[in-house]
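Student: Sharing input_23.pdb here; it has PDB, C-alpha atoms.
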ATOM      1  CA  MET N 438     -10.686  -6.193  -4.153  1.00  0.00           C
ATOM      2  CA  ALA N 439      -9.796  -9.690  -5.284  1.00  0.00           C
ATOM      3  CA  ALA N 440      -7.893  -8.362  -8.305  1.00  0.00           C
ATOM      4  CA  LEU N 441      -5.811  -6.022  -6.153  1.00  0.00           C
ATOM      5  CA  ARG N 442      -5.040  -8.774  -3.663  1.00  0.00           C
ATOM      6  CA  LEU N 443      -4.165 -11.160  -6.470  1.00  0.00           C
ATOM      7  CA  ALA N 444      -1.875  -8.603  -8.145  1.00  0.00           C
ATOM      8  CA  ALA N 445      -0.117  -7.789  -4.867  1.00  0.00           C
ATOM      9  CA  GLY N 446       0.260 -11.488  -4.054  1.00  0.00           C
ATOM     10  CA  ALA N 447       1.594 -12.276  -7.531  1.00  0.00           C
ATOM     11  CA  MET N 448       4.176  -9.512  -7.194  1.00  0.00           C
ATOM     12  CA  LEU N 449       5.263 -10.851  -3.820  1.00  0.00           C
ATOM     13  CA  ILE N 450       5.541 -14.407  -5.180  1.00  0.00           C
ATOM     14  CA  ALA N 451       7.483 -13.154  -8.225  1.00  0.00           C
ATOM     15  CA  SER N 452       9.866 -11.276  -5.938  1.00  0.00           C
ATOM     16  CA  VAL N 453      10.446 -14.367  -3.813  1.00  0.00           C
ATOM     17  CA  GLY N 454      10.932 -16.458  -6.972  1.00  0.00           C
ATOM     18  CA  ILE N 455      13.542 -14.057  -8.352  1.00  0.00           C
ATOM     19  CA  ASN N 456      15.324 -14.029  -5.004  1.00  0.00           C
ATOM     20  CA  PHE N 457      15.307 -17.840  -4.872  1.00  0.00           C
ATOM     21  CA  ALA N 458      16.626 -18.096  -8.445  1.00  0.00           C
ATOM     22  CA  ASN N 459      19.356 -15.584  -7.664  1.00  0.00           C
ATOM     23  CA  ILE N 460      20.399 -17.504  -4.527  1.00  0.00           C
ATOM     24  CA  ILE N 461      20.530 -20.811  -6.409  1.00  0.00           C
ATOM     25  CA  GLY N 462      22.460 -19.201  -9.256  1.00  0.00           C
ATOM     26  CA  ARG N 463      24.908 -17.467  -6.970  1.00  0.00           C
ATOM     27  CA  TYR N 464      25.718 -20.326  -4.609  1.00  0.00           C
ATOM     28  CA  PHE N 465      25.440 -23.347  -6.891  1.00  0.00           C
ATOM     29  CA  PHE N 466      26.466 -21.991 -10.295  1.00  0.00           C
ATOM     30  CA  SER N 467      28.549 -18.920  -9.322  1.00  0.00           C
ATOM     31  CA  VAL N 468      26.335 -16.733 -11.505  1.00  0.00           C
ATOM     32  CA  SER N 469      23.986 -14.076 -10.214  1.00  0.00           C
ATOM     33  CA  LEU N 470      21.219 -12.184 -11.937  1.00  0.00           C
ATOM     34  CA  SER N 471      22.417  -8.599 -12.338  1.00  0.00           C
ATOM     35  CA  TRP N 472      18.866  -7.268 -12.579  1.00  0.00           C
ATOM     36  CA  ALA N 473      17.412  -9.237  -9.658  1.00  0.00           C
ATOM     37  CA  GLU N 474      17.679  -6.623  -6.905  1.00  0.00           C
ATOM     38  CA  GLU N 475      16.106  -3.878  -9.006  1.00  0.00           C
ATOM     39  CA  ALA N 476      13.289  -6.133 -10.148  1.00  0.00           C
ATOM     40  CA  MET N 477      12.601  -7.327  -6.590  1.00  0.00           C
ATOM     41  CA  LEU N 478      12.576  -3.740  -5.324  1.00  0.00           C
ATOM     42  CA  PHE N 479      10.105  -2.653  -8.017  1.00  0.00           C
ATOM     43  CA  LEU N 480       7.907  -5.681  -7.377  1.00  0.00           C
ATOM     44  CA  MET N 481       7.831  -4.900  -3.659  1.00  0.00           C
ATOM     45  CA  ILE N 482       6.868  -1.285  -4.398  1.00  0.00           C
ATOM     46  CA  GLY N 483       4.009  -2.546  -6.563  1.00  0.00           C
ATOM     47  CA  CYS N 484       2.991  -5.081  -3.928  1.00  0.00           C
ATOM     48  CA  VAL N 485       2.826  -2.454  -1.186  1.00  0.00           C
ATOM     49  CA  PHE N 486       0.930   0.189  -3.135  1.00  0.00           C
ATOM     50  CA  LEU N 487      -1.526  -2.171  -4.826  1.00  0.00           C
ATOM     51  CA  GLY N 488      -2.135  -3.861  -1.485  1.00  0.00           C
ATOM     52  CA  ALA N 489      -2.885  -0.499   0.160  1.00  0.00           C
ATOM     53  CA  GLY N 490      -6.376  -0.344  -1.361  1.00  0.00           C
ATOM     54  CA  PRO N 491      -7.775  -3.467   0.302  1.00  0.00           C
ATOM     55  CA  VAL N 492      -6.079  -2.467   3.562  1.00  0.00           C
ATOM     56  CA  GLY N 493      -7.819   0.918   3.445  1.00  0.00           C
ATOM     57  CA  TRP N 494     -11.127  -0.730   2.576  1.00  0.00           C
ATOM     58  CA  MET N 495     -10.941  -2.872   5.712  1.00  0.00           C
ATOM     59  CA  GLY N 496      -9.762   0.049   7.849  1.00  0.00           C
ATOM     60  CA  ARG N 497      -6.654  -1.857   8.870  1.00  0.00           C
ATOM     61  CA  HIS N 498      -4.029   0.697   7.937  1.00  0.00           C
ATOM     62  CA  ILE N 499      -1.541   1.682  10.615  1.00  0.00           C
ATOM     63  CA  ARG N 500      -3.009   4.096  13.107  1.00  0.00           C
ATOM     64  CA  MET N 501      -2.468   4.980  16.712  1.00  0.00           C
ATOM     65  CA  ASP N 502      -5.719   3.876  18.312  1.00  0.00           C
ATOM     66  CA  VAL N 503      -4.821   3.031  21.894  1.00  0.00           C
ATOM     67  CA  ILE N 504      -6.504   6.128  23.298  1.00  0.00           C
ATOM     68  CA  VAL N 505      -9.223   6.175  20.620  1.00  0.00           C
ATOM     69  CA  SER N 506     -10.345   2.673  21.596  1.00  0.00           C
ATOM     70  CA  LEU N 507     -10.959   3.927  25.140  1.00  0.00           C
ATOM     71  CA  LEU N 508     -13.295   6.714  24.015  1.00  0.00           C
ATOM     72  CA  PRO N 509     -17.075   6.402  24.172  1.00  0.00           C
ATOM     73  CA  ALA N 510     -18.626   5.056  20.958  1.00  0.00           C
ATOM     74  CA  ARG N 511     -19.818   8.434  19.670  1.00  0.00           C
ATOM     75  CA  ALA N 512     -16.459  10.185  20.203  1.00  0.00           C
ATOM     76  CA  ARG N 513     -14.602   7.179  18.798  1.00  0.00           C
ATOM     77  CA  ASN N 514     -16.740   7.205  15.629  1.00  0.00           C
ATOM     78  CA  ALA N 515     -16.166  10.947  15.185  1.00  0.00           C
ATOM     79  CA  PHE N 516     -12.425  10.541  15.609  1.00  0.00           C
ATOM     80  CA  GLU N 517     -12.320   7.573  13.223  1.00  0.00           C
ATOM     81  CA  LEU N 518     -14.290   9.549  10.623  1.00  0.00           C
ATOM     82  CA  PHE N 519     -11.808  12.405  10.990  1.00  0.00           C
ATOM     83  CA  SER N 520      -8.940   9.925  10.695  1.00  0.00           C
ATOM     84  CA  ASP N 521     -10.383   8.417   7.512  1.00  0.00           C
ATOM     85  CA  LEU N 522     -10.913  11.876   5.979  1.00  0.00           C
ATOM     86  CA  VAL N 523      -7.323  12.864   6.799  1.00  0.00           C
ATOM     87  CA  THR N 524      -6.106   9.596   5.268  1.00  0.00           C
ATOM     88  CA  ILE N 525      -8.082  10.294   2.078  1.00  0.00           C
ATOM     89  CA  ALA N 526      -6.705  13.846   1.876  1.00  0.00           C
ATOM     90  CA  THR N 527      -3.146  12.632   2.464  1.00  0.00           C
ATOM     91  CA  CYS N 528      -3.425   9.911  -0.188  1.00  0.00           C
ATOM     92  CA  VAL N 529      -4.804  12.348  -2.756  1.00  0.00           C
ATOM     93  CA  ALA N 530      -2.144  14.971  -1.950  1.00  0.00           C
ATOM     94  CA  LEU N 531       0.688  12.434  -2.258  1.00  0.00           C
ATOM     95  CA  ALA N 532      -0.746  11.148  -5.552  1.00  0.00           C
ATOM     96  CA  ILE N 533      -0.892  14.714  -6.894  1.00  0.00           C
ATOM     97  CA  PHE N 534       2.707  15.347  -5.835  1.00  0.00           C
ATOM     98  CA  ALA N 535       3.849  12.059  -7.410  1.00  0.00           C
ATOM     99  CA  TRP N 536       2.221  12.798 -10.766  1.00  0.00           C
ATOM    100  CA  PRO N 537       4.823  15.324 -12.074  1.00  0.00           C
ATOM    101  CA  VAL N 538       7.658  12.952 -11.186  1.00  0.00           C
ATOM    102  CA  MET N 539       5.917  10.138 -13.033  1.00  0.00           C
ATOM    103  CA  THR N 540       5.291  12.234 -16.158  1.00  0.00           C
ATOM    104  CA  MET N 541       8.879  13.522 -16.158  1.00  0.00           C
ATOM    105  CA  LEU N 542      10.233   9.972 -15.969  1.00  0.00           C
ATOM    106  CA  ALA N 543       7.985   8.984 -18.876  1.00  0.00           C
ATOM    107  CA  GLU N 544       8.994  11.992 -21.012  1.00  0.00           C
ATOM    108  CA  LEU N 545      12.704  11.396 -20.410  1.00  0.00           C
ATOM    109  CA  ASP N 546      12.350   7.620 -20.811  1.00  0.00           C
ATOM    110  CA  GLU N 547      14.389   7.060 -17.649  1.00  0.00           C
ATOM    111  CA  ARG N 548      15.283   3.416 -17.068  1.00  0.00           C
ATOM    112  CA  SER N 549      16.815   1.435 -14.252  1.00  0.00           C
ATOM    113  CA  GLU N 550      20.487   0.642 -14.644  1.00  0.00           C
ATOM    114  CA  SER N 551      20.578  -3.146 -14.450  1.00  0.00           C
ATOM    115  CA  ALA N 552      17.112  -4.328 -15.402  1.00  0.00           C
ATOM    116  CA  ASN N 553      16.467  -1.562 -17.979  1.00  0.00           C
ATOM    117  CA  ILE N 554      12.916  -1.217 -16.616  1.00  0.00           C
ATOM    118  CA  PRO N 555      11.238   2.122 -17.411  1.00  0.00           C
ATOM    119  CA  LEU N 556      11.170   3.939 -14.070  1.00  0.00           C
ATOM    120  CA  VAL N 557       7.704   5.280 -14.802  1.00  0.00           C
ATOM    121  CA  ILE N 558       6.314   1.784 -14.112  1.00  0.00           C
ATOM    122  CA  PRO N 559       7.304   1.497 -10.424  1.00  0.00           C
ATOM    123  CA  GLN N 560       6.704   5.227  -9.962  1.00  0.00           C
ATOM    124  CA  ALA N 561       3.145   4.827 -11.305  1.00  0.00           C
ATOM    125  CA  ALA N 562       2.391   2.322  -8.532  1.00  0.00           C
ATOM    126  CA  LEU N 563       2.553   5.116  -5.968  1.00  0.00           C
ATOM    127  CA  PRO N 564      -0.200   7.441  -7.279  1.00  0.00           C
ATOM    128  CA  LEU N 565      -2.274   4.490  -8.486  1.00  0.00           C
ATOM    129  CA  GLY N 566      -2.151   2.735  -5.120  1.00  0.00           C
ATOM    130  CA  LEU N 567      -2.792   5.903  -3.134  1.00  0.00           C
ATOM    131  CA  VAL N 568      -5.750   6.950  -5.292  1.00  0.00           C
ATOM    132  CA  LEU N 569      -7.203   3.452  -5.014  1.00  0.00           C
ATOM    133  CA  MET N 570      -6.776   3.534  -1.244  1.00  0.00           C
ATOM    134  CA  ALA N 571      -8.452   6.948  -0.991  1.00  0.00           C
ATOM    135  CA  LEU N 572     -11.270   5.840  -3.281  1.00  0.00           C
ATOM    136  CA  LEU N 573     -11.898   2.612  -1.389  1.00  0.00           C
ATOM    137  CA  ILE N 574     -11.897   4.367   1.990  1.00  0.00           C
ATOM    138  CA  ALA N 575     -14.370   6.911   0.596  1.00  0.00           C
ATOM    139  CA  VAL N 576     -16.591   4.130  -0.776  1.00  0.00           C
ATOM    140  CA  ARG N 577     -16.450   2.315   2.574  1.00  0.00           C
ATOM    141  CA  LEU N 578     -17.453   5.500   4.381  1.00  0.00           C
ATOM    142  CA  TYR N 579     -20.305   6.071   1.951  1.00  0.00           C
ATOM    143  CA  LEU N 580     -21.626   2.506   2.054  1.00  0.00           C
ATOM    144  CA  SER N 581     -21.193   1.558   5.674  1.00  0.00           C
ATOM    145  CA  GLY N 582     -20.017   4.622   7.563  1.00  0.00           C
ATOM    146  CA  VAL N 583     -17.113   4.517   9.959  1.00  0.00           C
ATOM    147  CA  ARG N 584     -16.294   0.901  10.557  1.00  0.00           C
ATOM    148  CA  HIS N 585     -13.056  -0.385  11.971  1.00  0.00           C
ATOM    149  CA  ASP N 586     -13.744  -3.984  12.867  1.00  0.00           C
ATOM    150  CA  ASP N 587     -10.416  -4.485  14.570  1.00  0.00           C
ATOM    151  CA  VAL N 588     -10.970  -1.741  17.172  1.00  0.00           C
ATOM    152  CA  ILE N 589     -12.662  -3.014  20.313  1.00  0.00           C
ATOM    153  CA  SER N 590     -13.410  -0.544  23.022  1.00  0.00           C
ATOM    154  CA  SER N 591     -12.618  -1.570  26.556  1.00  0.00           C
ATOM    155  CA  ARG N 592     -16.199  -0.640  27.427  1.00  0.00           C
ATOM    156  CA  GLU N 593     -17.497  -3.131  24.851  1.00  0.00           C
ATOM    157  CA  VAL N 594     -15.353  -5.839  26.381  1.00  0.00           C
ATOM    158  CA  GLU N 595     -16.796  -5.127  29.844  1.00  0.00           C
ATOM    159  CA  ARG N 596     -20.373  -5.683  28.623  1.00  0.00           C
TER
END
As a first step, turn the structure in this file into structure tokens.
Tutor:
Amino acid sequence: MAALRLAAGAMLIASVGINFANIIGRYFFSVSLSWAEEAMLFLMIGCVFLGAGPVGWMGRHIRMDVIVSLLPARARNAFELFSDLVTIATCVALAIFAWPVMTMLAELDERSESANIPLVIPQAALPLGLVLMALLIAVRLYLSGVRHDDVISSREVER
């Protein structure tokens, strides 16, 4: 978990650093980094998909839980289990669909225009991040069952 958070944070900091350097270069020296926007975009893609694993582990991914939080505990747990299983299935399906694109980009040695970065690198973040998210949600379900700490039922508040 710490490694994924550290990697995502490092990518975010690197993206901000490149943006800052490009701003300074552009406005103070009249020179901009031609590769900056591509690199920042790829770093943000990596940040999002590597950060998805810890988010899934904590059960804090985006979900519509207004009505679910009002359900009795048993129904809420059943719905949250169903939600986690659908999330796992969706992550795995998207990773499977992303794999052929990634292998094609690697075979053709496709590169970005300005930064000359192999496009397989940012594309690989998608299946890697989604598989990690699915795996971590599955491990959380196995170890501790359905647990969404941020959901508080109105009935629990009344007690």
Student: Since I can't run it myself right now, could you work out what the PyMOL selection byres ((chain N and resi 565) around 12) selects here and report it as a PyMOL selection string?
Tutor: chain N and resi 441+482-490+528-529+531-533+535-536+539+557-564+566-572
Student: Save out the residues we just selected, C-alpha atoms, as a short mmCIF file (atom, residue, chain, number, x, y, z; two decimals), in the coordinates of the input.
Tutor:
data_model
loop_
_atom_site.label_atom_id
_atom_site.label_comp_id
_atom_site.auth_asym_id
_atom_site.auth_seq_id
_atom_site.Cartn_x
_atom_site.Cartn_y
_atom_site.Cartn_z
CA LEU N 441 -5.81 -6.02 -6.15
CA ILE N 482 6.87 -1.28 -4.40
CA GLY N 483 4.01 -2.55 -6.56
CA CYS N 484 2.99 -5.08 -3.93
CA VAL N 485 2.83 -2.45 -1.19
CA PHE N 486 0.93 0.19 -3.14
CA LEU N 487 -1.53 -2.17 -4.83
CA GLY N 488 -2.13 -3.86 -1.48
CA ALA N 489 -2.88 -0.50 0.16
CA GLY N 490 -6.38 -0.34 -1.36
CA CYS N 528 -3.42 9.91 -0.19
CA VAL N 529 -4.80 12.35 -2.76
CA LEU N 531 0.69 12.43 -2.26
CA ALA N 532 -0.75 11.15 -5.55
CA ILE N 533 -0.89 14.71 -6.89
CA ALA N 535 3.85 12.06 -7.41
CA TRP N 536 2.22 12.80 -10.77
CA MET N 539 5.92 10.14 -13.03
CA VAL N 557 7.70 5.28 -14.80
CA ILE N 558 6.31 1.78 -14.11
CA PRO N 559 7.30 1.50 -10.42
CA GLN N 560 6.70 5.23 -9.96
CA ALA N 561 3.14 4.83 -11.30
CA ALA N 562 2.39 2.32 -8.53
CA LEU N 563 2.55 5.12 -5.97
CA PRO N 564 -0.20 7.44 -7.28
CA GLY N 566 -2.15 2.74 -5.12
CA LEU N 567 -2.79 5.90 -3.13
CA VAL N 568 -5.75 6.95 -5.29
CA LEU N 569 -7.20 3.45 -5.01
CA MET N 570 -6.78 3.53 -1.24
CA ALA N 571 -8.45 6.95 -0.99
CA LEU N 572 -11.27 5.84 -3.28
#
Student: Evaluating the PyMOL selection byres ((chain N and resi 449-458) around 10) on the displayed file yields which residues, as a PyMOL selection string?
Tutor: chain N and resi 443-448+459-463+469-470+472-474+476-485
Student: Can those selected residues be exported to a file as an mmCIF file, keeping the file's coordinate frame so that it contains C-alpha atoms?
Tutor:
data_model
loop_
_atom_site.group_PDB
_atom_site.id
_atom_site.type_symbol
_atom_site.label_atom_id
_atom_site.label_comp_id
_atom_site.auth_asym_id
_atom_site.auth_seq_id
_atom_site.Cartn_x
_atom_site.Cartn_y
_atom_site.Cartn_z
ATOM 1 C CA LEU N 443 -4.165 -11.160 -6.470
ATOM 2 C CA ALA N 444 -1.875 -8.603 -8.145
ATOM 3 C CA ALA N 445 -0.117 -7.789 -4.867
ATOM 4 C CA GLY N 446 0.260 -11.488 -4.054
ATOM 5 C CA ALA N 447 1.594 -12.276 -7.531
ATOM 6 C CA MET N 448 4.176 -9.512 -7.194
ATOM 7 C CA ASN N 459 19.356 -15.584 -7.664
ATOM 8 C CA ILE N 460 20.399 -17.504 -4.527
ATOM 9 C CA ILE N 461 20.530 -20.811 -6.409
ATOM 10 C CA GLY N 462 22.460 -19.201 -9.256
ATOM 11 C CA ARG N 463 24.908 -17.467 -6.970
ATOM 12 C CA SER N 469 23.986 -14.076 -10.214
ATOM 13 C CA LEU N 470 21.219 -12.184 -11.937
ATOM 14 C CA TRP N 472 18.866 -7.268 -12.579
ATOM 15 C CA ALA N 473 17.412 -9.237 -9.658
ATOM 16 C CA GLU N 474 17.679 -6.623 -6.905
ATOM 17 C CA ALA N 476 13.289 -6.133 -10.148
ATOM 18 C CA MET N 477 12.601 -7.327 -6.590
ATOM 19 C CA LEU N 478 12.576 -3.740 -5.324
ATOM 20 C CA PHE N 479 10.105 -2.653 -8.017
ATOM 21 C CA LEU N 480 7.907 -5.681 -7.377
ATOM 22 C CA MET N 481 7.831 -4.900 -3.659
ATOM 23 C CA ILE N 482 6.868 -1.285 -4.398
ATOM 24 C CA GLY N 483 4.009 -2.546 -6.563
ATOM 25 C CA CYS N 484 2.991 -5.081 -3.928
ATOM 26 C CA VAL N 485 2.826 -2.454 -1.186
#
Student: I'd like the interatomic distance between CA of Phe516 (chain N) and CA of Ala439 (chain N), to a tenth of an Å.
Tutor: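 That distance, rounded to one decimal, is 29.2 Å.
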Student: So how far away is CA of Trp494 (chain N) from CA of Leu573 (chain N), in Å?
Tutor: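 Rounded to one decimal, the two atoms are 5.2 Å apart.
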Student: Quick one: which residues end up in the PyMOL selection byres ((chain N and resi 521) around 12) for this structure, as JSON, numbers by chain?
Tutor: {"N": [493, 494, 495, 496, 497, 498, 499, 500, 514, 515, 516, 517, 518, 519, 520, 522, 523, 524, 525, 526, 527, 528, 570, 571, 572, 573, 574, 575, 576, 577, 578, 579, 582, 583, 584, 585]}
Student: Figure out the distance between CA of Glu475 (chain N) and CA of Glu547 (chain N), please, to one decimal in Å.
Tutor: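 Between these atoms lies a distance of 14.0 Å.
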